[in-house]
Every structure is written in C-alpha cells, then in structure tokens.
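*Asks:* Below is the structure I would like to discuss, written out as structure tokens.
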Amino acid sequence: MTKKQILINSLFTENAVWRQILGICSALAVTNLLMNSLVMGLGVIFTLACSSFTISLLRNYIPNRIRMMVQVLIIASFVIIVDLFLKAYLPNMSKALGPYVGLIITNCIIMGRAEAFASNNTPINSAIDGIGAGAGYALVLLIIAFFRELFGFGSLFGIPVLGQWWTKWSIMVMAPSAFFMLALLMWGVYILQTKAKKI
Amino acid sequence: MEKQKIHFSETKFYPVFFMIVITIICVGILATFYHLTHKRVEDYELAQMRKQVLETLGLPATSVNEDYERYIRVRTRDNITFYEAKRDNIVIGYCFPMQGSGLWGTIRALAALNVELSEITGFSITEQNETPGLGARITEAWFLDQFKNKSIIFKDEVIKYSLIPEDEIADLTEIQQITGATASSRAIVNILYNNLVEIIQKFKNS
C-alpha cells in the first residue's frame, strides 16, 4: 500500500468510528460544541501519530506477552504531554476541555491502531495511519457537533448564526441526540459506500 | 549433550527487564517535561486565582499582581481562610473560597459578600470538571450573574435558592438552572448553601 492509500484507507474507507465503531464514548460525549470537538480531535491526531510512530519503532523489541502494557504506557505518556502542554501554553483551552484530555488515554482507536497497524508496519507508515485515523475521528466529531451545536444552541463555534427566532432544541445538547446523530451518520455513510461499490 | 544457548530476549526475565526500562524512560521524559512547564503553570494559576478574586469582588484587575497587593489581604478565622478587600483602609467586602461535589468531581468557587455578610456581591467558579457543553456551562456569565445582589439571610436563616427552568423569570430566592445540567446547577446551589451556613454560623457573633 502506498502512503496515500494508507491515509485514505484509515481516514475514509476503514474510518475508525463509522466502520470500526471505535472511540464511540468520546464521540458521544464531547460533540455538543464544535470547539471542544476540534480540540479533542487535534489531541487525538497528535497522540495517535506519536504513539503509533513510537510503538512501530519499538515493535521488534516489545515482548509479545506484555505488548499491551507497553502500548498503554506509551499512549499515556503522550497524553500527559498533551495535557501539560495545554496547561502551560493554552490554559483557556485546557480549562474548557476539563477531564476529556486525560480520557484520550482510554480512546479505543489509539490501542486499536497500535495493535492492528503499528505493531506490523514501519514507523513512517504507522504515523501516517495514525494521522488518518485521528483525522477520521475528528471528521466524525465535527460533523456531529455541527448539527448538535447548530440546532441545540443556534450557533457555530460559539458564534450565533440562527438568531432569536430559533427555538433551541434542548435534546440536541443532551446525550440522546449524540446516539441519533451517530446512527444517522453511520446509516448515511453505509448507503453511500454500498452505492459506490455497486457502481 | 551440549546446552543450547538461549538469547536474552527469549528468557523469562526479558519482559520484566523491558518493562522496567521503558517505564524509567517514559517517567523520565514526563518528569523532565513537567519540570520544564510547572513553573509556568503555577505562575499562571496564581495569577488566575488573584484575577478571579479581584473580579469576584468587583475590583479592577488591569495589572493583576499590583492590584491584588493594593486591595487584598488574606485572613484566617476559625479555620476559614478568606480574602478581605480594602479600599482607602476601609473594608469593602469579603471573598470566600468554597468547594463541594459536582456531578463528576469537586467544584471550587469564590463568593464575594458585602461587609454585613447579608448579600452576595459576586460569584465565580475557579475549578470544575463538569460535562463540557452541559454542566460546564455553570461558568457562563448569565448563570453566575444571577447570584449577584441576592440576599443570603431571611429571618435569621440562610436562604437555599430553588431552581427553575432556564426560560422562566426568577424571583429573589430562585435561580434559573441550565437545561440538560440539572445536577450541576443543583450542585452549585448546594455548595453555596452549605458553605454560607458554615460561614454565617462562625462569623455571626463577630
């Protein structure tokens, strides 16, 4: 597979959320505001790229029986670096995201890519795969957050766009709407992909 | 029979050895990174806290450290630490740090009271871990401003504010809650009530 194919594959074709149904918990939790989704997405892209690169670099030395422990250790280290960086240089963003940055550690996509790709491929390809999978996750978050923030708050990235006449849909701000939106998105993508295959 | 040589990476000790080494490396990197950033983080947190104390008390915070030195004194009485604001040597108000449980973790807040300890003059949140977009909206100005100028005493008892829906108009003892974040809104009202009861009880006689 070429580098471009790896990227497209992990970003669209085998998208972590809508094809592999991974990372659902955070996709449901942070998607009521576009800004939170964007920063969460960027954090995951960084962690995925760095952890996949490092795990791939060490793949021939990591003992098979303890590989998951090592992967979690490496992933956790990168997440703590992101957290410290945000606290020191972007304190407002760090405050806005609260506990979610720390929760990147438990994002299944990162372990999933480490196991499925980074432990059998070269470091550069693994980093590209990580960026693709992270961007795919960020894409899903942004699509869902776009509709939830628009209908729920009448705004986009905190800027009011729908005006006073708009009756805010409270359900869009609350957890259930994330389930509906995610299911609708998966349905839409499935239809598009099966149509594309037939052609 | 000749003994077969086993490579170190195939022995039982290798995983243990590997884990120890990689843990030391990771912890070392994190410790270095923490060491490089913690001064900056602490300075920022201190400045942020001072700024918030000044703002909650309604004082200027253009140059935070200077203004803080000029107006604020930290005092402790009956195990309660609080900030006393003075302007031209006259006490103009008090600011009390308070804390309590939120939905996901501890919420810390600041409540500024007038000199008679009968009215809230400002309220702000210093730390919270509520759900972003839902409970985290307790930090929004419209929600916090509702506590401004609210009486805290009625017939010698501390008032416990009741919650009403976001689109209804609140009277003197009511607070508009955040839609979809009832638990966090209630947590704030409870934290305020519990801490005020303790403060009023201890300060009543002095």
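Residue numbering restarts at 1 for every chain of the structure tokens, chains are lettered A, B, ... in their displayed order, and ligands are numbered from 1 as they appear.
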Please identify all residues of chain B having at least one atom at most 9 Å from any atom of chain A, considering only C-alpha atoms, and return them as a PyMOL selection string.
*Replies:* chain B and resi 9-10+14-16+18-19+22-23+26-27+29-30+33-34+37-42+44+127-134+136+179-181
*Asks:* Go ahead and write the residues just picked, N, CA and C atoms, as a short mmCIF file (atom, residue, chain, number, x, y, z; two decimals), in the first residue's frame.
*Replies:*
```
data_model
loop_
_atom_site.label_atom_id
_atom_site.label_comp_id
_atom_site.auth_asym_id
_atom_site.auth_seq_id
_atom_site.Cartn_x
_atom_site.Cartn_y
_atom_site.Cartn_z
N SER B 9 16.57 -12.17 24.91
CA SER B 9 15.20 -11.74 24.59
C SER B 9 14.19 -12.88 24.66
N GLU B 10 14.68 -14.12 24.77
CA GLU B 10 13.75 -15.26 24.87
C GLU B 10 13.60 -15.74 26.31
N TYR B 14 13.28 -11.19 30.29
CA TYR B 14 13.29 -10.11 29.31
C TYR B 14 12.07 -9.18 29.42
N PRO B 15 10.82 -9.73 29.49
CA PRO B 15 9.66 -8.83 29.61
C PRO B 15 9.74 -7.93 30.83
N VAL B 16 10.20 -8.51 31.96
CA VAL B 16 10.30 -7.72 33.19
C VAL B 16 11.33 -6.60 33.00
N PHE B 18 12.41 -5.36 30.19
CA PHE B 18 11.95 -4.40 29.18
C PHE B 18 10.96 -3.40 29.79
N MET B 19 10.03 -3.94 30.60
CA MET B 19 9.01 -3.09 31.22
C MET B 19 9.65 -2.07 32.16
N ILE B 22 11.48 0.60 29.97
CA ILE B 22 10.60 1.54 29.25
C ILE B 22 9.84 2.44 30.23
N THR B 23 9.53 1.89 31.42
CA THR B 23 8.85 2.72 32.43
C THR B 23 9.77 3.84 32.89
N CYS B 26 9.94 6.47 30.09
CA CYS B 26 8.72 7.28 29.99
C CYS B 26 8.58 8.23 31.18
N VAL B 27 8.80 7.71 32.37
CA VAL B 27 8.67 8.56 33.57
C VAL B 27 9.72 9.67 33.53
N ILE B 29 11.05 11.08 30.83
CA ILE B 29 10.64 12.11 29.86
C ILE B 29 9.54 12.99 30.47
N LEU B 30 8.55 12.35 31.11
CA LEU B 30 7.44 13.11 31.70
C LEU B 30 7.92 14.02 32.83
N PHE B 33 9.57 16.99 31.28
CA PHE B 33 8.57 17.88 30.68
C PHE B 33 7.81 18.63 31.77
N TYR B 34 7.49 17.92 32.85
CA TYR B 34 6.77 18.55 33.97
C TYR B 34 7.63 19.64 34.59
N THR B 37 7.65 22.77 32.58
CA THR B 37 6.42 23.55 32.44
C THR B 37 5.78 23.95 33.78
N HIS B 38 6.17 23.30 34.90
CA HIS B 38 5.38 23.50 36.12
C HIS B 38 5.45 24.93 36.66
N LYS B 39 6.59 25.59 36.46
CA LYS B 39 6.73 26.97 36.94
C LYS B 39 5.71 27.86 36.22
N ARG B 40 5.65 27.67 34.91
CA ARG B 40 4.72 28.44 34.08
C ARG B 40 3.27 28.18 34.48
N VAL B 41 2.96 26.89 34.71
CA VAL B 41 1.60 26.52 35.09
C VAL B 41 1.25 27.13 36.45
N GLU B 42 2.19 27.04 37.42
CA GLU B 42 1.93 27.58 38.76
C GLU B 42 1.75 29.09 38.73
N TYR B 44 0.79 30.89 36.24
CA TYR B 44 -0.48 31.19 35.60
C TYR B 44 -1.64 30.97 36.56
N GLU B 127 -12.76 26.14 39.69
CA GLU B 127 -12.36 24.81 39.19
C GLU B 127 -13.60 23.93 39.08
N GLN B 128 -13.72 23.23 37.94
CA GLN B 128 -14.86 22.32 37.78
C GLN B 128 -14.50 21.26 36.74
N ASN B 129 -15.11 20.12 36.88
CA ASN B 129 -14.87 19.04 35.90
C ASN B 129 -16.20 18.55 35.34
N GLU B 130 -17.16 19.46 35.19
CA GLU B 130 -18.47 19.05 34.69
C GLU B 130 -18.41 18.78 33.19
N THR B 131 -19.49 18.18 32.65
CA THR B 131 -19.51 17.81 31.24
C THR B 131 -19.39 19.05 30.34
N PRO B 132 -18.37 19.09 29.44
CA PRO B 132 -18.27 20.24 28.55
C PRO B 132 -19.55 20.40 27.74
N GLY B 133 -20.01 21.64 27.63
CA GLY B 133 -21.22 21.91 26.83
C GLY B 133 -22.50 21.77 27.64
N LEU B 134 -22.45 21.01 28.74
CA LEU B 134 -23.65 20.85 29.58
C LEU B 134 -23.38 21.47 30.95
N ALA B 136 -20.65 22.14 32.33
CA ALA B 136 -19.57 23.14 32.33
C ALA B 136 -20.10 24.54 32.07
N THR B 179 -30.40 24.10 31.22
CA THR B 179 -31.10 23.00 30.59
C THR B 179 -30.15 21.84 30.32
N GLY B 180 -30.52 20.66 30.74
CA GLY B 180 -29.69 19.48 30.50
C GLY B 180 -28.59 19.32 31.52
N ALA B 181 -28.54 20.22 32.50
CA ALA B 181 -27.49 20.11 33.52
C ALA B 181 -28.07 20.41 34.89
#
```
*Asks:* Hey, what does DSSP flag as helix (DSSP H, G or I) within chain B? Can you give it to me as a ChimeraX atom specification?
*Replies:* /B:8-10,13-56,64-71,135-139,141-145,182-203
*Asks:* The selected residues should be written to file as a CSV table (one decimal), in the first residue's frame (atoms: C-alpha atoms).
*Replies:*
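Below you can see again19.csv, which holds the result:
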```csv
chain,number,residue,atom,x,y,z
B,8,PHE,CA,18.3,-12.9,26.4
B,9,SER,CA,15.2,-11.7,24.6
B,10,GLU,CA,13.7,-15.3,24.9
B,13,PHE,CA,13.3,-12.0,32.6
B,14,TYR,CA,13.3,-10.1,29.3
B,15,PRO,CA,9.7,-8.8,29.6
B,16,VAL,CA,10.3,-7.7,33.2
B,17,PHE,CA,13.6,-6.0,32.2
B,18,PHE,CA,11.9,-4.4,29.2
B,19,MET,CA,9.0,-3.1,31.2
B,20,ILE,CA,11.3,-1.6,33.9
B,21,VAL,CA,13.5,0.1,31.3
B,22,ILE,CA,10.6,1.5,29.2
B,23,THR,CA,8.8,2.7,32.4
B,24,ILE,CA,12.0,4.5,33.6
B,25,ILE,CA,12.4,6.2,30.1
B,26,CYS,CA,8.7,7.3,30.0
B,27,VAL,CA,8.7,8.6,33.6
B,28,GLY,CA,12.0,10.3,32.9
B,29,ILE,CA,10.6,12.1,29.9
B,30,LEU,CA,7.4,13.1,31.7
B,31,ALA,CA,9.3,14.3,34.8
B,32,THR,CA,11.6,16.5,32.5
B,33,PHE,CA,8.6,17.9,30.7
B,34,TYR,CA,6.8,18.6,34.0
B,35,HIS,CA,9.9,20.2,35.4
B,36,LEU,CA,10.1,22.5,32.3
B,37,THR,CA,6.4,23.5,32.4
B,38,HIS,CA,5.4,23.5,36.1
B,39,LYS,CA,6.7,27.0,36.9
B,40,ARG,CA,4.7,28.4,34.1
B,41,VAL,CA,1.6,26.5,35.1
B,42,GLU,CA,1.9,27.6,38.8
B,43,ASP,CA,2.5,31.2,37.9
B,44,TYR,CA,-0.5,31.2,35.6
B,45,GLU,CA,-2.7,29.5,38.2
B,46,LEU,CA,-1.6,32.0,40.9
B,47,ALA,CA,-2.3,35.0,38.6
B,48,GLN,CA,-5.6,33.5,37.5
B,49,MET,CA,-6.7,33.0,41.1
B,50,ARG,CA,-5.7,36.6,42.0
B,51,LYS,CA,-7.5,37.9,39.0
B,52,GLN,CA,-10.6,35.9,39.8
B,53,VAL,CA,-10.6,37.2,43.5
B,54,LEU,CA,-10.4,40.8,42.2
B,55,GLU,CA,-13.1,40.3,39.6
B,56,THR,CA,-15.4,38.5,42.0
B,64,VAL,CA,-3.3,41.7,38.5
B,65,ASN,CA,-0.4,41.4,40.9
B,66,GLU,CA,-0.2,45.2,41.7
B,67,ASP,CA,-4.0,45.5,42.2
B,68,TYR,CA,-4.0,42.3,44.3
B,69,GLU,CA,-1.3,43.7,46.6
B,70,ARG,CA,-3.1,47.0,46.9
B,71,TYR,CA,-6.6,45.8,47.7
B,135,GLY,CA,-22.6,21.1,33.2
B,136,ALA,CA,-19.6,23.1,32.3
B,137,ARG,CA,-22.0,26.0,31.4
B,138,ILE,CA,-22.0,26.8,35.2
B,139,THR,CA,-19.1,29.0,34.3
B,141,ALA,CA,-21.7,34.8,33.0
B,142,TRP,CA,-25.5,34.8,32.7
B,143,PHE,CA,-25.7,31.8,35.2
B,144,LEU,CA,-23.2,33.3,37.7
B,145,ASP,CA,-24.6,36.8,37.5
B,182,THR,CA,-29.8,20.0,36.5
B,183,ALA,CA,-27.3,18.0,38.6
B,184,SER,CA,-24.6,20.6,38.1
B,185,SER,CA,-26.9,23.5,38.7
B,186,ARG,CA,-28.2,21.9,41.9
B,187,ALA,CA,-24.6,21.2,43.0
B,188,ILE,CA,-23.8,24.9,42.8
B,189,VAL,CA,-26.8,25.9,44.8
B,190,ASN,CA,-25.9,23.3,47.4
B,191,ILE,CA,-22.3,24.3,47.6
B,192,LEU,CA,-23.2,27.9,48.1
B,193,TYR,CA,-25.8,27.0,50.8
B,194,ASN,CA,-23.6,24.6,52.7
B,195,ASN,CA,-20.6,26.9,52.8
B,196,LEU,CA,-22.7,30.0,53.6
B,197,VAL,CA,-24.3,28.2,56.6
B,198,GLU,CA,-20.9,27.5,58.0
B,199,ILE,CA,-19.5,31.0,57.3
B,200,ILE,CA,-22.5,32.8,58.8
B,201,GLN,CA,-22.5,30.5,61.8
B,202,LYS,CA,-18.8,31.2,62.6
B,203,PHE,CA,-18.9,34.9,61.8
```
*Asks:* Tell me, as a CSV table (one decimal) with N, CA and C atoms, in the first residue's frame, which residues lie within 7 Å of Leu110 of chain B, counting only C-alpha atoms; anything in the same chain fewer than 2 positions away does not count.
*Replies:*
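Writing the result to result_14.csv gives the following:
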```csv
chain,number,residue,atom,x,y,z
B,95,CYS,N,-14.2,37.9,50.3
B,95,CYS,CA,-14.4,36.9,49.3
B,95,CYS,C,-14.0,35.5,49.9
B,96,PHE,N,-15.0,34.6,49.8
B,96,PHE,CA,-14.8,33.3,50.5
B,96,PHE,C,-14.6,32.2,49.4
B,97,PRO,N,-13.5,31.4,49.5
B,97,PRO,CA,-13.3,30.2,48.6
B,97,PRO,C,-14.3,29.1,49.2
B,98,MET,N,-15.0,28.5,48.3
B,98,MET,CA,-15.8,27.4,48.8
B,98,MET,C,-15.7,26.2,47.8
B,112,ALA,N,-18.2,36.4,46.8
B,112,ALA,CA,-17.9,37.7,47.4
B,112,ALA,C,-19.2,38.2,48.2
B,123,PHE,N,-20.0,36.1,42.3
B,123,PHE,CA,-19.8,34.7,42.4
B,123,PHE,C,-19.1,34.1,41.2
B,124,SER,N,-18.1,33.3,41.4
B,124,SER,CA,-17.4,32.7,40.2
B,124,SER,C,-16.9,31.3,40.5
B,125,ILE,N,-16.7,30.6,39.4
B,125,ILE,CA,-16.2,29.2,39.6
B,125,ILE,C,-14.7,29.2,39.3
B,126,THR,N,-13.9,28.6,40.2
B,126,THR,CA,-12.5,28.5,39.9
B,126,THR,C,-12.0,27.2,39.4
```
*Asks:* Kindly give the distance, in Å, that separates atom CA of Ile131 of chain A and atom CA of Cys25 of chain A, rounded to a single decimal.
*Replies:* 19.9 Å
*Asks:* Give the strand (DSSP E) residues of segment 55-128 of chain B, as assigned by DSSP on the backbone, as a PDB file with N, CA, C and O atoms, in the first residue's frame.
*Replies:*
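Result saved to states_8.pdb:
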```
ATOM      1  N   ILE B  72      -6.079  43.492  48.418  1.00  0.00           N
ATOM      2  CA  ILE B  72      -6.463  42.230  49.061  1.00  0.00           C
ATOM      3  C   ILE B  72      -5.533  41.825  50.208  1.00  0.00           C
ATOM      4  O   ILE B  72      -4.309  41.922  50.094  1.00  0.00           O
ATOM      5  N   ARG B  73      -6.114  41.365  51.289  1.00  0.00           N
ATOM      6  CA  ARG B  73      -5.365  40.741  52.384  1.00  0.00           C
ATOM      7  C   ARG B  73      -5.972  39.356  52.623  1.00  0.00           C
ATOM      8  O   ARG B  73      -7.197  39.222  52.679  1.00  0.00           O
ATOM      9  N   VAL B  74      -5.100  38.355  52.776  1.00  0.00           N
ATOM     10  CA  VAL B  74      -5.603  37.011  53.075  1.00  0.00           C
ATOM     11  C   VAL B  74      -5.725  36.880  54.585  1.00  0.00           C
ATOM     12  O   VAL B  74      -4.792  37.212  55.315  1.00  0.00           O
ATOM     13  N   ARG B  75      -6.869  36.449  55.065  1.00  0.00           N
ATOM     14  CA  ARG B  75      -7.070  36.317  56.506  1.00  0.00           C
ATOM     15  C   ARG B  75      -7.651  34.947  56.838  1.00  0.00           C
ATOM     16  O   ARG B  75      -8.241  34.286  55.989  1.00  0.00           O
ATOM     17  N   THR B  76      -7.444  34.530  58.070  1.00  0.00           N
ATOM     18  CA  THR B  76      -7.984  33.251  58.514  1.00  0.00           C
ATOM     19  C   THR B  76      -8.705  33.455  59.843  1.00  0.00           C
ATOM     20  O   THR B  76      -8.178  34.127  60.733  1.00  0.00           O
ATOM     21  N   ARG B  77      -9.909  32.907  59.927  1.00  0.00           N
ATOM     22  CA  ARG B  77     -10.614  32.959  61.206  1.00  0.00           C
ATOM     23  C   ARG B  77     -11.409  31.653  61.362  1.00  0.00           C
ATOM     24  O   ARG B  77     -12.106  31.230  60.441  1.00  0.00           O
ATOM     25  N   ILE B  80     -11.368  29.222  58.672  1.00  0.00           N
ATOM     26  CA  ILE B  80     -11.853  29.633  57.354  1.00  0.00           C
ATOM     27  C   ILE B  80     -10.898  30.692  56.810  1.00  0.00           C
ATOM     28  O   ILE B  80     -10.680  31.723  57.430  1.00  0.00           O
ATOM     29  N   THR B  81     -10.297  30.370  55.651  1.00  0.00           N
ATOM     30  CA  THR B  81      -9.405  31.347  55.024  1.00  0.00           C
ATOM     31  C   THR B  81     -10.236  32.158  54.030  1.00  0.00           C
ATOM     32  O   THR B  81     -11.015  31.591  53.267  1.00  0.00           O
ATOM     33  N   PHE B  82     -10.085  33.465  54.064  1.00  0.00           N
ATOM     34  CA  PHE B  82     -10.855  34.296  53.138  1.00  0.00           C
ATOM     35  C   PHE B  82     -10.045  35.525  52.735  1.00  0.00           C
ATOM     36  O   PHE B  82      -8.987  35.808  53.298  1.00  0.00           O
ATOM     37  N   TYR B  83     -10.541  36.215  51.719  1.00  0.00           N
ATOM     38  CA  TYR B  83      -9.860  37.416  51.234  1.00  0.00           C
ATOM     39  C   TYR B  83     -10.643  38.638  51.704  1.00  0.00           C
ATOM     40  O   TYR B  83     -11.862  38.677  51.562  1.00  0.00           O
ATOM     41  N   GLU B  84      -9.895  39.610  52.249  1.00  0.00           N
ATOM     42  CA  GLU B  84     -10.550  40.831  52.703  1.00  0.00           C
ATOM     43  C   GLU B  84     -10.156  41.943  51.734  1.00  0.00           C
ATOM     44  O   GLU B  84      -8.976  42.118  51.441  1.00  0.00           O
ATOM     45  N   ALA B  85     -11.149  42.652  51.216  1.00  0.00           N
ATOM     46  CA  ALA B  85     -10.850  43.727  50.271  1.00  0.00           C
ATOM     47  C   ALA B  85     -10.940  45.077  50.973  1.00  0.00           C
ATOM     48  O   ALA B  85     -11.931  45.367  51.633  1.00  0.00           O
ATOM     49  N   LYS B  86      -9.870  45.866  50.830  1.00  0.00           N
ATOM     50  CA  LYS B  86      -9.851  47.192  51.466  1.00  0.00           C
ATOM     51  C   LYS B  86      -9.585  48.249  50.414  1.00  0.00           C
ATOM     52  O   LYS B  86      -8.743  48.066  49.539  1.00  0.00           O
ATOM     53  N   ARG B  87     -10.326  49.349  50.516  1.00  0.00           N
ATOM     54  CA  ARG B  87     -10.042  50.492  49.645  1.00  0.00           C
ATOM     55  C   ARG B  87      -9.908  51.697  50.570  1.00  0.00           C
ATOM     56  O   ARG B  87     -10.804  51.934  51.375  1.00  0.00           O
ATOM     57  N   ILE B  90     -10.557  51.155  54.217  1.00  0.00           N
ATOM     58  CA  ILE B  90     -11.908  50.777  54.667  1.00  0.00           C
ATOM     59  C   ILE B  90     -12.264  49.442  54.022  1.00  0.00           C
ATOM     60  O   ILE B  90     -12.095  49.263  52.815  1.00  0.00           O
ATOM     61  N   VAL B  91     -12.739  48.521  54.871  1.00  0.00           N
ATOM     62  CA  VAL B  91     -13.106  47.201  54.336  1.00  0.00           C
ATOM     63  C   VAL B  91     -14.343  47.353  53.456  1.00  0.00           C
ATOM     64  O   VAL B  91     -15.347  47.936  53.863  1.00  0.00           O
ATOM     65  N   ILE B  92     -14.250  46.832  52.207  1.00  0.00           N
ATOM     66  CA  ILE B  92     -15.393  46.986  51.304  1.00  0.00           C
ATOM     67  C   ILE B  92     -16.074  45.647  50.992  1.00  0.00           C
ATOM     68  O   ILE B  92     -17.125  45.611  50.375  1.00  0.00           O
ATOM     69  N   GLY B  93     -15.477  44.553  51.416  1.00  0.00           N
ATOM     70  CA  GLY B  93     -16.127  43.266  51.171  1.00  0.00           C
ATOM     71  C   GLY B  93     -15.213  42.104  51.490  1.00  0.00           C
ATOM     72  O   GLY B  93     -14.030  42.290  51.795  1.00  0.00           O
ATOM     73  N   TYR B  94     -15.802  40.910  51.444  1.00  0.00           N
ATOM     74  CA  TYR B  94     -15.031  39.694  51.699  1.00  0.00           C
ATOM     75  C   TYR B  94     -15.258  38.714  50.557  1.00  0.00           C
ATOM     76  O   TYR B  94     -16.319  38.702  49.944  1.00  0.00           O
ATOM     77  N   CYS B  95     -14.243  37.889  50.316  1.00  0.00           N
ATOM     78  CA  CYS B  95     -14.400  36.867  49.289  1.00  0.00           C
ATOM     79  C   CYS B  95     -14.036  35.517  49.904  1.00  0.00           C
ATOM     80  O   CYS B  95     -12.954  35.356  50.466  1.00  0.00           O
ATOM     81  N   PHE B  96     -14.961  34.578  49.830  1.00  0.00           N
ATOM     82  CA  PHE B  96     -14.757  33.272  50.464  1.00  0.00           C
ATOM     83  C   PHE B  96     -14.573  32.170  49.420  1.00  0.00           C
ATOM     84  O   PHE B  96     -15.438  31.992  48.570  1.00  0.00           O
ATOM     85  N   PRO B  97     -13.478  31.426  49.504  1.00  0.00           N
ATOM     86  CA  PRO B  97     -13.347  30.249  48.634  1.00  0.00           C
ATOM     87  C   PRO B  97     -14.263  29.149  49.166  1.00  0.00           C
ATOM     88  O   PRO B  97     -14.365  28.993  50.392  1.00  0.00           O
ATOM     89  N   MET B  98     -14.960  28.453  48.299  1.00  0.00           N
ATOM     90  CA  MET B  98     -15.801  27.350  48.763  1.00  0.00           C
ATOM     91  C   MET B  98     -15.680  26.163  47.825  1.00  0.00           C
ATOM     92  O   MET B  98     -15.283  26.318  46.675  1.00  0.00           O
ATOM     93  N   GLN B  99     -16.009  25.009  48.324  1.00  0.00           N
ATOM     94  CA  GLN B  99     -15.947  23.823  47.464  1.00  0.00           C
ATOM     95  C   GLN B  99     -16.982  22.783  47.854  1.00  0.00           C
ATOM     96  O   GLN B  99     -17.531  22.811  48.954  1.00  0.00           O
ATOM     97  N   GLY B 100     -17.269  21.883  46.915  1.00  0.00           N
ATOM     98  CA  GLY B 100     -18.241  20.823  47.165  1.00  0.00           C
ATOM     99  C   GLY B 100     -18.277  19.894  45.966  1.00  0.00           C
ATOM    100  O   GLY B 100     -17.564  20.113  44.979  1.00  0.00           O
ATOM    101  N   SER B 101     -19.111  18.867  46.042  1.00  0.00           N
ATOM    102  CA  SER B 101     -19.141  17.874  44.966  1.00  0.00           C
ATOM    103  C   SER B 101     -20.004  18.339  43.806  1.00  0.00           C
ATOM    104  O   SER B 101     -21.124  18.789  44.010  1.00  0.00           O
ATOM    105  N   THR B 106     -14.885  17.588  42.175  1.00  0.00           N
ATOM    106  CA  THR B 106     -15.027  18.721  43.077  1.00  0.00           C
ATOM    107  C   THR B 106     -15.184  20.026  42.285  1.00  0.00           C
ATOM    108  O   THR B 106     -14.482  20.229  41.299  1.00  0.00           O
ATOM    109  N   ILE B 107     -16.109  20.848  42.737  1.00  0.00           N
ATOM    110  CA  ILE B 107     -16.258  22.181  42.146  1.00  0.00           C
ATOM    111  C   ILE B 107     -15.728  23.167  43.184  1.00  0.00           C
ATOM    112  O   ILE B 107     -16.082  23.081  44.358  1.00  0.00           O
ATOM    113  N   ARG B 108     -14.839  24.074  42.763  1.00  0.00           N
ATOM    114  CA  ARG B 108     -14.372  25.130  43.658  1.00  0.00           C
ATOM    115  C   ARG B 108     -14.893  26.464  43.139  1.00  0.00           C
ATOM    116  O   ARG B 108     -14.925  26.686  41.921  1.00  0.00           O
ATOM    117  N   ALA B 109     -15.305  27.306  44.083  1.00  0.00           N
ATOM    118  CA  ALA B 109     -15.889  28.579  43.676  1.00  0.00           C
ATOM    119  C   ALA B 109     -15.451  29.685  44.614  1.00  0.00           C
ATOM    120  O   ALA B 109     -14.851  29.423  45.665  1.00  0.00           O
ATOM    121  N   LEU B 110     -15.731  30.927  44.219  1.00  0.00           N
ATOM    122  CA  LEU B 110     -15.477  32.084  45.067  1.00  0.00           C
ATOM    123  C   LEU B 110     -16.786  32.842  45.216  1.00  0.00           C
ATOM    124  O   LEU B 110     -17.474  33.074  44.225  1.00  0.00           O
ATOM    125  N   ALA B 111     -17.120  33.216  46.447  1.00  0.00           N
ATOM    126  CA  ALA B 111     -18.317  34.028  46.641  1.00  0.00           C
ATOM    127  C   ALA B 111     -17.909  35.297  47.370  1.00  0.00           C
ATOM    128  O   ALA B 111     -17.285  35.235  48.428  1.00  0.00           O
ATOM    129  N   ALA B 112     -18.229  36.449  46.769  1.00  0.00           N
ATOM    130  CA  ALA B 112     -17.936  37.720  47.419  1.00  0.00           C
ATOM    131  C   ALA B 112     -19.178  38.183  48.168  1.00  0.00           C
ATOM    132  O   ALA B 112     -20.287  38.113  47.628  1.00  0.00           O
ATOM    133  N   LEU B 113     -18.979  38.588  49.420  1.00  0.00           N
ATOM    134  CA  LEU B 113     -20.103  39.048  50.233  1.00  0.00           C
ATOM    135  C   LEU B 113     -19.857  40.495  50.652  1.00  0.00           C
ATOM    136  O   LEU B 113     -18.705  40.933  50.738  1.00  0.00           O
ATOM    137  N   ILE B 120     -24.843  38.621  48.447  1.00  0.00           N
ATOM    138  CA  ILE B 120     -23.755  38.168  47.566  1.00  0.00           C
ATOM    139  C   ILE B 120     -23.441  39.304  46.593  1.00  0.00           C
ATOM    140  O   ILE B 120     -24.358  39.849  45.976  1.00  0.00           O
ATOM    141  N   THR B 121     -22.169  39.674  46.468  1.00  0.00           N
ATOM    142  CA  THR B 121     -21.846  40.746  45.525  1.00  0.00           C
ATOM    143  C   THR B 121     -21.148  40.215  44.272  1.00  0.00           C
ATOM    144  O   THR B 121     -20.987  40.928  43.290  1.00  0.00           O
ATOM    145  N   GLY B 122     -20.758  38.963  44.313  1.00  0.00           N
ATOM    146  CA  GLY B 122     -20.139  38.364  43.137  1.00  0.00           C
ATOM    147  C   GLY B 122     -19.947  36.881  43.355  1.00  0.00           C
ATOM    148  O   GLY B 122     -19.795  36.435  44.496  1.00  0.00           O
ATOM    149  N   PHE B 123     -19.991  36.117  42.250  1.00  0.00           N
ATOM    150  CA  PHE B 123     -19.835  34.669  42.383  1.00  0.00           C
ATOM    151  C   PHE B 123     -19.108  34.149  41.153  1.00  0.00           C
ATOM    152  O   PHE B 123     -19.415  34.549  40.032  1.00  0.00           O
ATOM    153  N   SER B 124     -18.104  33.289  41.362  1.00  0.00           N
ATOM    154  CA  SER B 124     -17.404  32.720  40.197  1.00  0.00           C
ATOM    155  C   SER B 124     -16.900  31.314  40.502  1.00  0.00           C
ATOM    156  O   SER B 124     -16.761  30.931  41.658  1.00  0.00           O
ATOM    157  N   ILE B 125     -16.651  30.584  39.439  1.00  0.00           N
ATOM    158  CA  ILE B 125     -16.181  29.199  39.576  1.00  0.00           C
ATOM    159  C   ILE B 125     -14.683  29.176  39.289  1.00  0.00           C
ATOM    160  O   ILE B 125     -14.243  29.707  38.265  1.00  0.00           O
ATOM    161  N   THR B 126     -13.909  28.568  40.167  1.00  0.00           N
ATOM    162  CA  THR B 126     -12.461  28.521  39.918  1.00  0.00           C
ATOM    163  C   THR B 126     -12.017  27.175  39.366  1.00  0.00           C
ATOM    164  O   THR B 126     -11.009  27.075  38.684  1.00  0.00           O
ATOM    165  N   GLU B 127     -12.761  26.138  39.688  1.00  0.00           N
ATOM    166  CA  GLU B 127     -12.360  24.810  39.195  1.00  0.00           C
ATOM    167  C   GLU B 127     -13.596  23.926  39.079  1.00  0.00           C
ATOM    168  O   GLU B 127     -14.423  23.889  39.975  1.00  0.00           O
TER     169      GLU B 127
END
```
*Asks:* Atom CA of Leu141 of chain A to atom CA of Met68 of chain A: how many Å, to one decimal?
*Replies:* 26.7 Å
*Asks:* Interatomic distance between atom CA of Leu28 of chain A and atom CA of Ala178 of chain A?
*Replies:*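 Atom CA of Ala178 of chain A lies 5.2 Å from atom CA of Leu28 of chain A.
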*Asks:* Give me the residues within 10 Å of Met181 of chain A as a list in words, counting only C-alpha atoms and dropping any in the same chain fewer than 4 places off.
*Replies:* Leu28, Ile143, Ile144, Ala145, Phe147, Arg148, Met172, Pro176, Ser177, Leu185, Met186 and Trp187 of chain A
